[in-house]
$ cat structure_19.pdb   # PDB, C-alpha atoms
ATOM      1  CA  MET A   1      17.198  -7.054  -1.821
ATOM      2  CA  CYS A   2      15.441 -10.419  -2.119
ATOM      3  CA  GLU A   3      16.925 -12.787  -4.680
ATOM      4  CA  PHE A   4      14.513 -15.059  -6.543
ATOM      5  CA  ASN A   5      15.198 -18.042  -4.256
ATOM      6  CA  GLU A   6      14.337 -15.803  -1.280
ATOM      7  CA  LEU A   7      11.226 -14.453  -2.986
ATOM      8  CA  GLY A   8       9.597 -17.862  -2.656
ATOM      9  CA  GLU A   9       9.877 -17.646   1.132
ATOM     10  CA  LEU A  10       8.714 -14.028   1.106
ATOM     11  CA  HIS A  11       5.668 -14.933  -0.989
ATOM     12  CA  SER A  12       4.765 -17.707   1.467
ATOM     13  CA  LEU A  13       4.946 -15.276   4.395
ATOM     14  CA  LEU A  14       2.860 -12.675   2.561
ATOM     15  CA  LEU A  15       0.299 -15.301   1.558
ATOM     16  CA  GLU A  16      -0.159 -16.223   5.233
ATOM     17  CA  LEU A  17      -0.818 -12.541   5.923
ATOM     18  CA  LEU A  18      -3.357 -12.319   3.096
ATOM     19  CA  ILE A  19      -5.194 -15.380   4.425
ATOM     20  CA  ASP A  20      -5.332 -13.909   7.936
ATOM     21  CA  PHE A  21      -6.408 -10.510   6.601
ATOM     22  CA  ASP A  22      -9.180 -12.147   4.586
ATOM     23  CA  LYS A  23     -10.449 -13.947   7.699
ATOM     24  CA  LEU A  24     -10.312 -10.719   9.723
ATOM     25  CA  CYS A  25     -12.375  -8.860   7.124
ATOM     26  CA  LYS A  26     -14.925 -11.670   6.956
ATOM     27  CA  ASP A  27     -15.267 -11.616  10.748
ATOM     28  CA  LEU A  28     -15.846  -7.840  10.637
ATOM     29  CA  ASP A  29     -18.160  -8.046   7.579
ATOM     30  CA  ILE A  30     -15.810  -5.733   5.661
ATOM     31  CA  ASN A  31     -15.458  -5.843   1.880
ATOM     32  CA  TYR A  32     -12.014  -5.455   0.327
ATOM     33  CA  TYR A  33     -10.195  -6.320  -2.907
ATOM     34  CA  LEU A  34      -6.736  -7.332  -3.953
ATOM     35  CA  SER A  35      -5.209  -4.282  -5.626
ATOM     36  CA  GLY A  36      -2.272  -3.042  -7.680
ATOM     37  CA  GLY A  37       0.346  -5.648  -8.530
ATOM     38  CA  THR A  38      -1.340  -8.230  -6.297
ATOM     39  CA  LEU A  39      -4.548  -8.008  -8.341
ATOM     40  CA  LEU A  40      -2.479  -8.123 -11.527
ATOM     41  CA  GLY A  41      -0.755 -11.230 -10.191
ATOM     42  CA  ALA A  42      -4.105 -12.889  -9.465
ATOM     43  CA  VAL A  43      -5.385 -12.207 -12.984
ATOM     44  CA  ARG A  44      -2.213 -12.882 -14.982
ATOM     45  CA  HIS A  45      -0.332 -15.439 -12.837
ATOM     46  CA  HIS A  46      -3.021 -16.793 -10.463
ATOM     47  CA  GLY A  47      -0.658 -15.787  -7.674
ATOM     48  CA  PHE A  48       2.245 -13.477  -7.006
ATOM     49  CA  ILE A  49       4.002 -11.815  -9.902
ATOM     50  CA  PRO A  50       7.253 -13.850  -9.860
ATOM     51  CA  TRP A  51       9.478 -10.817  -9.227
ATOM     52  CA  ASP A  52       7.108  -8.896  -6.928
ATOM     53  CA  ASP A  53       8.016  -8.533  -3.252
ATOM     54  CA  ASP A  54       4.934  -6.962  -1.677
ATOM     55  CA  ALA A  55       1.149  -7.357  -1.444
ATOM     56  CA  ASP A  56      -1.619  -4.754  -1.631
ATOM     57  CA  VAL A  57      -5.321  -4.581  -0.810
ATOM     58  CA  MET A  58      -7.881  -1.777  -1.071
ATOM     59  CA  LEU A  59     -11.238  -0.989   0.535
ATOM     60  CA  LEU A  60     -13.673   1.897   0.755
ATOM     61  CA  ARG A  61     -12.797   4.610   3.265
ATOM     62  CA  LYS A  62     -15.743   3.784   5.562
ATOM     63  CA  ASP A  63     -14.606   0.156   5.773
ATOM     64  CA  TYR A  64     -10.991   1.273   6.157
ATOM     65  CA  GLU A  65     -11.888   3.407   9.177
ATOM     66  CA  LEU A  66     -13.970   0.563  10.632
ATOM     67  CA  LEU A  67     -11.022  -1.801  10.197
ATOM     68  CA  LEU A  68      -8.610   0.580  11.929
ATOM     69  CA  LYS A  69     -11.035   1.079  14.804
ATOM     70  CA  ALA A  70     -11.543  -2.663  15.219
ATOM     71  CA  SER A  71      -7.795  -3.275  15.077
ATOM     72  CA  MET A  72      -7.352  -1.483  18.405
ATOM     73  CA  ASN A  73      -8.869  -4.581  20.056
ATOM     74  CA  MET A  74      -7.491  -7.131  17.592
ATOM     75  CA  ARG A  75      -6.058 -10.253  19.212
ATOM     76  CA  ILE A  76      -4.330 -12.284  16.520
ATOM     77  CA  ASN A  77      -0.982 -13.874  17.310
ATOM     78  CA  ASN A  78       1.912 -11.924  15.711
ATOM     79  CA  ARG A  79      -0.506  -9.745  13.721
ATOM     80  CA  LYS A  80      -1.080  -5.997  14.044
ATOM     81  CA  ILE A  81      -2.290  -3.087  11.950
ATOM     82  CA  PHE A  82       0.117  -0.156  11.804
ATOM     83  CA  SER A  83      -1.479   3.148  10.851
ATOM     84  CA  LEU A  84      -1.583   6.895  11.273
ATOM     85  CA  ASN A  85      -4.528   6.450  13.656
ATOM     86  CA  ASN A  86      -2.478   4.691  16.325
ATOM     87  CA  LYS A  87       0.738   6.629  15.601
ATOM     88  CA  THR A  88       2.629   3.547  14.440
ATOM     89  CA  PHE A  89       2.930   4.328  10.700
ATOM     90  CA  ALA A  90       3.435   7.827   9.298
ATOM     91  CA  ARG A  91       1.731   7.230   5.952
ATOM     92  CA  ASP A  92      -1.645   7.928   4.358
ATOM     93  CA  TYR A  93      -2.391   4.193   4.205
ATOM     94  CA  ALA A  94      -2.110   1.337   6.714
ATOM     95  CA  ARG A  95      -0.168  -1.909   6.928
ATOM     96  CA  PHE A  96      -1.252  -5.325   8.248
ATOM     97  CA  VAL A  97       1.973  -6.754   9.657
ATOM     98  CA  ARG A  98       3.383  -9.897  11.167
ATOM     99  CA  THR A  99       5.612  -9.077  14.118
ATOM    100  CA  ASP A 100       7.620 -12.301  13.807
ATOM    101  CA  TYR A 101       9.529 -10.959  10.780
ATOM    102  CA  TYR A 102      11.480  -7.739  10.470
ATOM    103  CA  LYS A 103      11.586  -6.012   7.107
ATOM    104  CA  GLU A 104      14.075  -3.509   5.771
ATOM    105  CA  GLU A 105      13.625  -1.455   2.601
ATOM    106  CA  ASP A 106      16.361   0.375   0.755
ATOM    107  CA  PHE A 107      16.756   3.969   2.011
ATOM    108  CA  VAL A 108      13.749   3.830   4.418
ATOM    109  CA  ILE A 109      14.446   5.107   7.953
ATOM    110  CA  LYS A 110      14.427   2.669  10.878
ATOM    111  CA  GLU A 111      11.550   4.567  12.538
ATOM    112  CA  ASP A 112       9.264   3.513   9.688
ATOM    113  CA  CYS A 113       7.211   0.284  10.039
ATOM    114  CA  PRO A 114       9.860  -2.363  10.896
ATOM    115  CA  TYR A 115       7.786  -5.472  10.159
ATOM    116  CA  LEU A 116       6.806  -7.442   7.084
ATOM    117  CA  GLY A 117       3.263  -6.592   6.027
ATOM    118  CA  ILE A 118       0.680  -5.991   3.333
ATOM    119  CA  ASP A 119      -0.333  -2.457   2.413
ATOM    120  CA  ILE A 120      -3.967  -1.422   2.969
ATOM    121  CA  PHE A 121      -5.129   1.434   0.738
ATOM    122  CA  PRO A 122      -8.350   3.367   1.415
ATOM    123  CA  VAL A 123     -10.545   4.042  -1.612
ATOM    124  CA  ASP A 124     -12.042   7.539  -1.614
ATOM    125  CA  PHE A 125     -14.689   9.301  -3.637
ATOM    126  CA  VAL A 126     -13.030  11.864  -5.890
ATOM    127  CA  PRO A 127     -14.236  14.729  -8.127
ATOM    128  CA  GLU A 128     -15.855  13.984 -11.465
ATOM    129  CA  LYS A 129     -14.563  17.254 -12.912
ATOM    130  CA  ASN A 130     -11.091  16.673 -14.309
ATOM    131  CA  TRP A 131      -9.718  20.091 -13.351
ATOM    132  CA  LEU A 132     -10.687  19.628  -9.705
ATOM    133  CA  PHE A 133      -9.380  16.056  -9.589
ATOM    134  CA  ASN A 134      -6.135  17.217 -11.207
ATOM    135  CA  ILE A 135      -5.682  19.867  -8.505
ATOM    136  CA  GLN A 136      -6.290  17.274  -5.794
ATOM    137  CA  CYS A 137      -3.749  14.911  -7.363
ATOM    138  CA  LEU A 138      -1.194  17.694  -7.828
ATOM    139  CA  ILE A 139      -1.395  18.719  -4.169
ATOM    140  CA  LEU A 140      -1.159  15.079  -3.092
ATOM    141  CA  HIS A 141       1.802  14.512  -5.403
ATOM    142  CA  TYR A 142       3.881  17.158  -3.642
ATOM    143  CA  LEU A 143       2.673  16.171  -0.177
ATOM    144  CA  LYS A 144       3.706  12.583  -0.896
ATOM    145  CA  ILE A 145       7.145  13.753  -2.013
ATOM    146  CA  LEU A 146       7.573  15.576   1.294
ATOM    147  CA  LEU A 147       6.240  12.574   3.211
ATOM    148  CA  ASP A 148       8.606  10.291   1.329
ATOM    149  CA  ILE A 149      11.568  12.549   2.134
ATOM    150  CA  SER A 150      10.632  12.558   5.824
ATOM    151  CA  ASN A 151      10.549   8.740   5.860
ATOM    152  CA  THR A 152      13.860   8.119   4.063
ATOM    153  CA  ASP A 153      17.503   8.401   5.059
ATOM    154  CA  TYR A 154      19.809  11.346   4.420
ATOM    155  CA  HIS A 155      21.716  11.448   1.117
ATOM    156  CA  THR A 156      19.060   9.517  -0.814
ATOM    157  CA  GLY A 157      17.815  10.518  -4.254
ATOM    158  CA  SER A 158      18.295   9.530  -7.886
ATOM    159  CA  THR A 159      20.620  12.473  -8.710
ATOM    160  CA  LYS A 160      23.134  14.617  -6.837
ATOM    161  CA  PHE A 161      20.826  17.639  -7.205
ATOM    162  CA  LYS A 162      17.833  15.739  -5.794
ATOM    163  CA  ARG A 163      19.924  14.477  -2.884
ATOM    164  CA  PHE A 164      20.970  18.058  -2.136
ATOM    165  CA  ILE A 165      17.390  19.400  -2.251
ATOM    166  CA  ARG A 166      16.037  16.529  -0.152
ATOM    167  CA  ASP A 167      18.762  16.996   2.468
ATOM    168  CA  CYS A 168      18.002  20.737   2.628
ATOM    169  CA  LEU A 169      14.318  20.000   3.225
ATOM    170  CA  ARG A 170      14.809  17.347   5.903
ATOM    171  CA  PRO A 171      15.445  19.710   8.875
ATOM    172  CA  ILE A 172      12.246  21.619   8.015
ATOM    173  CA  LEU A 173      10.262  18.405   7.610
ATOM    174  CA  LYS A 174      11.678  17.033  10.850
ATOM    175  CA  PHE A 175      10.435  20.174  12.615
ATOM    176  CA  ILE A 176       6.971  19.757  11.065
ATOM    177  CA  GLY A 177       6.933  16.058  11.944
ATOM    178  CA  ARG A 178       6.253  12.923   9.907
ATOM    179  CA  TYR A 179       2.849  12.331  11.472
ATOM    180  CA  ARG A 180       1.637  15.874  10.804
ATOM    181  CA  LEU A 181       2.617  15.474   7.152
ATOM    182  CA  ALA A 182       0.848  12.112   6.983
ATOM    183  CA  TYR A 183      -2.254  13.605   8.610
ATOM    184  CA  LEU A 184      -2.348  16.462   6.080
ATOM    185  CA  THR A 185      -1.890  14.054   3.185
ATOM    186  CA  ASN A 186      -4.699  11.890   4.540
ATOM    187  CA  VAL A 187      -6.991  14.930   4.795
ATOM    188  CA  PHE A 188      -6.505  15.706   1.096
ATOM    189  CA  CYS A 189      -7.086  12.055   0.141
ATOM    190  CA  LYS A 190     -10.554  12.008   1.712
ATOM    191  CA  LEU A 191     -11.420  15.648   1.030
ATOM    192  CA  PHE A 192     -14.335  14.961  -1.339
ATOM    193  CA  ASN A 193     -15.910  11.883   0.249
ATOM    194  CA  SER A 194     -19.004  13.755   1.399
ATOM    195  CA  HIS A 195     -19.364  15.743  -1.838
ATOM    196  CA  CYS A 196     -18.850  13.180  -4.619
ATOM    197  CA  GLU A 197     -20.520   9.880  -5.464
ATOM    198  CA  ILE A 198     -19.596   9.000  -9.069
ATOM    199  CA  ASN A 199     -15.853   8.242  -9.124
ATOM    200  CA  VAL A 200     -13.523   6.532  -6.660
ATOM    201  CA  ALA A 201      -9.756   6.168  -6.437
ATOM    202  CA  ALA A 202      -7.134   4.721  -4.118
ATOM    203  CA  ILE A 203      -5.185   7.962  -4.358
ATOM    204  CA  SER A 204      -3.143   7.126  -1.287
ATOM    205  CA  GLY A 205      -1.254   4.770  -3.618
ATOM    206  CA  ILE A 206       1.520   5.631  -6.054
ATOM    207  CA  ASN A 207      -0.526   5.664  -9.260
ATOM    208  CA  GLY A 208      -2.313   8.982  -8.774
ATOM    209  CA  LYS A 209      -4.738   9.893 -11.559
ATOM    210  CA  ARG A 210      -4.698   6.398 -13.056
ATOM    211  CA  GLU A 211      -6.482   5.044  -9.958
ATOM    212  CA  ARG A 212      -9.767   6.809 -10.769
ATOM    213  CA  TRP A 213     -12.740   4.832 -12.068
ATOM    214  CA  LYS A 214     -16.517   4.669 -11.688
ATOM    215  CA  PHE A 215     -17.902   3.565  -8.335
ATOM    216  CA  GLU A 216     -20.520   1.523 -10.228
ATOM    217  CA  ASP A 217     -17.675  -0.472 -11.773
ATOM    218  CA  TYR A 218     -15.711  -0.707  -8.523
ATOM    219  CA  ARG A 219     -18.516  -2.047  -6.328
ATOM    220  CA  LEU A 220     -19.291  -5.199  -8.355
ATOM    221  CA  GLN A 221     -17.453  -8.123  -6.739
ATOM    222  CA  SER A 222     -15.951 -11.385  -7.891
ATOM    223  CA  LYS A 223     -13.324 -13.908  -6.756
ATOM    224  CA  ALA A 224      -9.990 -14.949  -8.214
ATOM    225  CA  GLU A 225      -7.566 -17.753  -7.484
ATOM    226  CA  PHE A 226      -4.369 -16.574  -5.846
ATOM    227  CA  GLU A 227      -1.755 -19.182  -4.877
ATOM    228  CA  GLY A 228      -4.477 -21.819  -4.530
ATOM    229  CA  TYR A 229      -6.861 -19.649  -2.478
ATOM    230  CA  LEU A 230      -9.827 -17.523  -3.510
ATOM    231  CA  PHE A 231      -9.668 -13.801  -2.785
ATOM    232  CA  PRO A 232     -12.092 -10.959  -3.603
ATOM    233  CA  ILE A 233     -11.428  -8.826  -6.680
ATOM    234  CA  PRO A 234     -13.482  -6.275  -8.638
ATOM    235  CA  LEU A 235     -15.688  -7.965 -11.250
ATOM    236  CA  LYS A 236     -14.601  -5.301 -13.765
ATOM    237  CA  TYR A 237     -10.932  -5.595 -12.877
ATOM    238  CA  HIS A 238      -9.980  -5.084 -16.537
ATOM    239  CA  ILE A 239     -10.973  -1.393 -16.278
ATOM    240  CA  TYR A 240      -8.795  -0.856 -13.218
ATOM    241  CA  LEU A 241      -5.813  -2.829 -14.512
ATOM    242  CA  THR A 242      -5.960  -1.177 -17.933
ATOM    243  CA  ASN A 243      -5.882   2.228 -16.240
ATOM    244  CA  LEU A 244      -2.770   1.205 -14.292
ATOM    245  CA  TYR A 245      -0.848  -0.970 -16.731
ATOM    246  CA  GLY A 246      -2.306  -0.653 -20.228
ATOM    247  CA  ASP A 247      -2.038  -4.099 -21.853
ATOM    248  CA  PHE A 248      -1.835  -5.796 -18.468
ATOM    249  CA  MET A 249      -1.649  -9.381 -19.789
ATOM    250  CA  GLN A 250       1.592  -8.564 -21.604
ATOM    251  CA  LEU A 251       4.721  -9.317 -19.572
ATOM    252  CA  PRO A 252       7.036  -6.313 -19.147
ATOM    253  CA  PRO A 253      10.631  -6.521 -20.438
ATOM    254  CA  LYS A 254      13.116  -7.953 -17.945
ATOM    255  CA  CYS A 255      14.678  -4.531 -17.354
ATOM    256  CA  LYS A 256      11.369  -3.297 -15.902
ATOM    257  CA  ARG A 257      10.757  -6.241 -13.570
ATOM    258  CA  LYS A 258      11.760  -4.370 -10.447
ATOM    259  CA  THR A 259      11.435  -5.174  -6.748
ATOM    260  CA  HIS A 260      11.304  -2.752  -3.817
ATOM    261  CA  GLY A 261      14.633  -3.754  -2.283
ATOM    262  CA  VAL A 262      13.127  -5.684   0.639
ATOM    263  CA  LYS A 263      15.185  -7.662   3.159
ATOM    264  CA  ILE A 264      13.475  -9.897   5.736
ATOM    265  CA  GLN A 265      14.762 -11.466   8.946
ATOM    266  CA  LYS A 266      13.099 -13.781  11.441
ATOM    267  CA  VAL A 267      12.599 -12.218  14.878
ATOM    268  CA  ARG A 268      14.115 -14.260  17.699
ATOM    269  CA  GLU A 269      12.366 -14.666  21.047
ATOM    270  CA  ASP A 270      14.795 -12.178  22.591
ATOM    271  CA  GLY A 271      13.807  -9.575  19.979
ATOM    272  CA  GLY A 272      16.942 -10.020  17.881
ATOM    273  CA  THR A 273      17.184 -11.358  14.346
ATOM    274  CA  ASN A 274      18.493 -14.480  12.734
ATOM    275  CA  ALA A 275      20.955 -13.134  10.185
TER     276      ALA A 275
END
$ encode --input "structure_19.pdb" --output "structure tokens"
Amino acid sequence: MCEFNELGELHSLLLELLIDFDKLCKDLDINYYLSGGTLLGAVRHHGFIPWDDDADVMLLRKDYELLLKASMNMRINNRKIFSLNNKTFARDYARFVRTDYYKEEDFVIKEDCPYLGIDIFPVDFVPEKNWLFNIQCLILHYLKILLDISNTDYHTGSTKFKRFIRDCLRPILKFIGRYRLAYLTNVFCKLFNSHCEINVAAISGINGKRERWKFEDYRLQSKAEFEGYLFPIPLKYHIYLTNLYGDFMQLPPKCKRKTHGVKIQKVREDGGTNA
């Protein structure tokens, strides 16, 4: 886990990724926003949340697919996009990585994305009717649990009972395959894109129902300072952040200032790491 003196270095590395990602999207004429805790950091801290150890962006599904397609021919030094599309990342979202730094997360299997990166979440159109949206979120909730189990080590879970259940499921999930699970989850994320046009949500993220808001509010753009640079954000960010965090300008108590248990190591020229 990164201590606070190490978080400064991690933030610098992630900022370099955000700058490169911003340039890539400008070159491709793709619109995106800072999202989740990264957007909160821009609004509340004008940079990274001091205890945060990741970075997130979001963009509409059509732009997300365009980005993944363009990434197949991307030629940026030490930069790649890992995704379900190119069978490098068994998740329902993508990751823009730098291959000069390895990253380890607590309990995550070694076959998962091994490099430091920023998470790229597609934004999908979702049902306006609450009952239908709730069904979609419920199905995705359980699919994500299964996907999470398939991407984590044996004997992991918050209780002994959960560890037992997860370990019982792993042989079945291994037979199904991580990428098949990710594909199915992705299908349910974008299920209503051609049928709905009022509400959108980055439901590939961890916040589920709280991600939903009006497309009319989402599409209006602005800029915010983040670590001395300007990045795109939703003009009506207060709607999104209130949905996710409530009183988002209020600092959480210290006991809730949690990181993701990230460890980073520089990749040597021979492919090893500098411990």
$ residues_around --input "structure_19.pdb" --residues "Leu60 (chain A)" --least-positions-apart "4" --cutoff "7 Å" --atoms "all atoms listed in the file" --output "VMD selection string"
chain A and resid 64 122 to 124
$ residues_near_point --input "structure_19.pdb" --point "(-14.2, -7.4, -10.2)" --cutoff "12 Å" --atoms "only C-alpha atoms" --output "JSON list (two decimals) with C-alpha atoms, keeping the file's coordinate frame"
[["chain", "number", "residue", "atom", "x", "y", "z"],
["A", 32, "TYR", "CA", -12.01, -5.46, 0.33],
["A", 33, "TYR", "CA", -10.20, -6.32, -2.91],
["A", 34, "LEU", "CA", -6.74, -7.33, -3.95],
["A", 35, "SER", "CA", -5.21, -4.28, -5.63],
["A", 39, "LEU", "CA", -4.55, -8.01, -8.34],
["A", 40, "LEU", "CA", -2.48, -8.12, -11.53],
["A", 42, "ALA", "CA", -4.11, -12.89, -9.46],
["A", 43, "VAL", "CA", -5.38, -12.21, -12.98],
["A", 215, "PHE", "CA", -17.90, 3.56, -8.34],
["A", 216, "GLU", "CA", -20.52, 1.52, -10.23],
["A", 217, "ASP", "CA", -17.68, -0.47, -11.77],
["A", 218, "TYR", "CA", -15.71, -0.71, -8.52],
["A", 219, "ARG", "CA", -18.52, -2.05, -6.33],
["A", 220, "LEU", "CA", -19.29, -5.20, -8.36],
["A", 221, "GLN", "CA", -17.45, -8.12, -6.74],
["A", 222, "SER", "CA", -15.95, -11.38, -7.89],
["A", 223, "LYS", "CA", -13.32, -13.91, -6.76],
["A", 224, "ALA", "CA", -9.99, -14.95, -8.21],
["A", 231, "PHE", "CA", -9.67, -13.80, -2.78],
["A", 232, "PRO", "CA", -12.09, -10.96, -3.60],
["A", 233, "ILE", "CA", -11.43, -8.83, -6.68],
["A", 234, "PRO", "CA", -13.48, -6.28, -8.64],
["A", 235, "LEU", "CA", -15.69, -7.96, -11.25],
["A", 236, "LYS", "CA", -14.60, -5.30, -13.76],
["A", 237, "TYR", "CA", -10.93, -5.60, -12.88],
["A", 238, "HIS", "CA", -9.98, -5.08, -16.54],
["A", 239, "ILE", "CA", -10.97, -1.39, -16.28],
["A", 240, "TYR", "CA", -8.80, -0.86, -13.22],
["A", 241, "LEU", "CA", -5.81, -2.83, -14.51]]
$ closest_residue --input "structure_19.pdb" --among "A:Leu132, A:Ile30, A:Cys255, A:Leu140" --to "Phe188 (chain A)" --atoms "all atoms listed in the file"
A:Leu140
$ residues_around --input "structure_19.pdb" --residues "Leu15 (chain A)" --least-positions-apart "5" --cutoff "12 Å" --atoms "only C-alpha atoms" --output "count of residues only"
26
$ resolve_selection --input "structure_19.pdb" --expression "the PyMOL selection byres ((chain A and resi 198) around 6)" --output "VMD selection string"
chain A and resid 197 199 214 to 215
$ residues_around --input "structure_19.pdb" --residues "region 74-79 of chain A" --least-positions-apart "2" --cutoff "7 Å" --atoms "all atoms listed in the file" --output "ChimeraX atom specification"
/A:70-72,97-100
$ resolve_selection --input "structure_19.pdb" --expression "the PyMOL selection byres ((chain A and resi 80-84) around 6)" --output "list in words"
Arg79, Asn85, Asn86, Lys87, Thr88, Phe89, Ala90, Ala94, Arg95, Phe96 and Val97 of chain A
$ closest_residue --input "structure_19.pdb" --among "A:Tyr93, A:Phe133, A:Trp51, A:Phe121" --to "Phe192 (chain A)" --atoms "only C-alpha atoms"
A:Phe133
$ atom_distance --input "structure_19.pdb" --atom1 "CA of Thr152 (chain A)" --atom2 "CA of Ile264 (chain A)"
18.1 Å
$ closest_residue --input "structure_19.pdb" --among "A:Leu18, A:Leu181, A:Phe164, A:Gly37" --to "Tyr142 (chain A)" --atoms "only C-alpha atoms"
A:Leu181
$ atom_distance --input "structure_19.pdb" --atom1 "CA of Cys113 (chain A)" --atom2 "CA of Arg178 (chain A)"
12.7 Å
$ atom_distance --input "structure_19.pdb" --atom1 "CA of Glu211 (chain A)" --atom2 "CA of Leu244 (chain A)"
6.9 Å
$ closest_residue --input "structure_19.pdb" --among "A:Thr259, A:Leu59, A:Gly177, A:Asp148" --to "Asp119 (chain A)" --atoms "all atoms listed in the file"
A:Leu59
$ residues_around --input "structure_19.pdb" --residues "Ile135 (chain A)" --least-positions-apart "5" --cutoff "12 Å" --atoms "all atoms listed in the file" --output "PyMOL selection string"
chain A and resi 126-127+129-130+140-142+188-189+191+208-209
$ residues_around --input "structure_19.pdb" --residues "Ser150 (chain A)" --least-positions-apart "5" --cutoff "10 Å" --atoms "all atoms listed in the file" --output "PDB file with C-alpha atoms, keeping the file's coordinate frame"
ATOM      1  CA  ALA A  90       3.435   7.827   9.298  1.00  0.00           C
ATOM      2  CA  VAL A 108      13.749   3.830   4.418  1.00  0.00           C
ATOM      3  CA  ILE A 109      14.446   5.107   7.953  1.00  0.00           C
ATOM      4  CA  ASP A 112       9.264   3.513   9.688  1.00  0.00           C
ATOM      5  CA  LYS A 144       3.706  12.583  -0.896  1.00  0.00           C
ATOM      6  CA  ILE A 145       7.145  13.753  -2.013  1.00  0.00           C
ATOM      7  CA  ARG A 166      16.037  16.529  -0.152  1.00  0.00           C
ATOM      8  CA  ASP A 167      18.762  16.996   2.468  1.00  0.00           C
ATOM      9  CA  LEU A 169      14.318  20.000   3.225  1.00  0.00           C
ATOM     10  CA  ARG A 170      14.809  17.347   5.903  1.00  0.00           C
ATOM     11  CA  PRO A 171      15.445  19.710   8.875  1.00  0.00           C
ATOM     12  CA  ILE A 172      12.246  21.619   8.015  1.00  0.00           C
ATOM     13  CA  LEU A 173      10.262  18.405   7.610  1.00  0.00           C
ATOM     14  CA  LYS A 174      11.678  17.033  10.850  1.00  0.00           C
ATOM     15  CA  ILE A 176       6.971  19.757  11.065  1.00  0.00           C
ATOM     16  CA  GLY A 177       6.933  16.058  11.944  1.00  0.00           C
ATOM     17  CA  ARG A 178       6.253  12.923   9.907  1.00  0.00           C
ATOM     18  CA  TYR A 179       2.849  12.331  11.472  1.00  0.00           C
ATOM     19  CA  LEU A 181       2.617  15.474   7.152  1.00  0.00           C
ATOM     20  CA  ALA A 182       0.848  12.112   6.983  1.00  0.00           C
TER      21      ALA A 182
END
$ closest_residue --input "structure_19.pdb" --among "A:Ile139, A:Met249, A:Asn31, A:Leu67" --to "His46 (chain A)" --atoms "only C-alpha atoms"
A:Met249
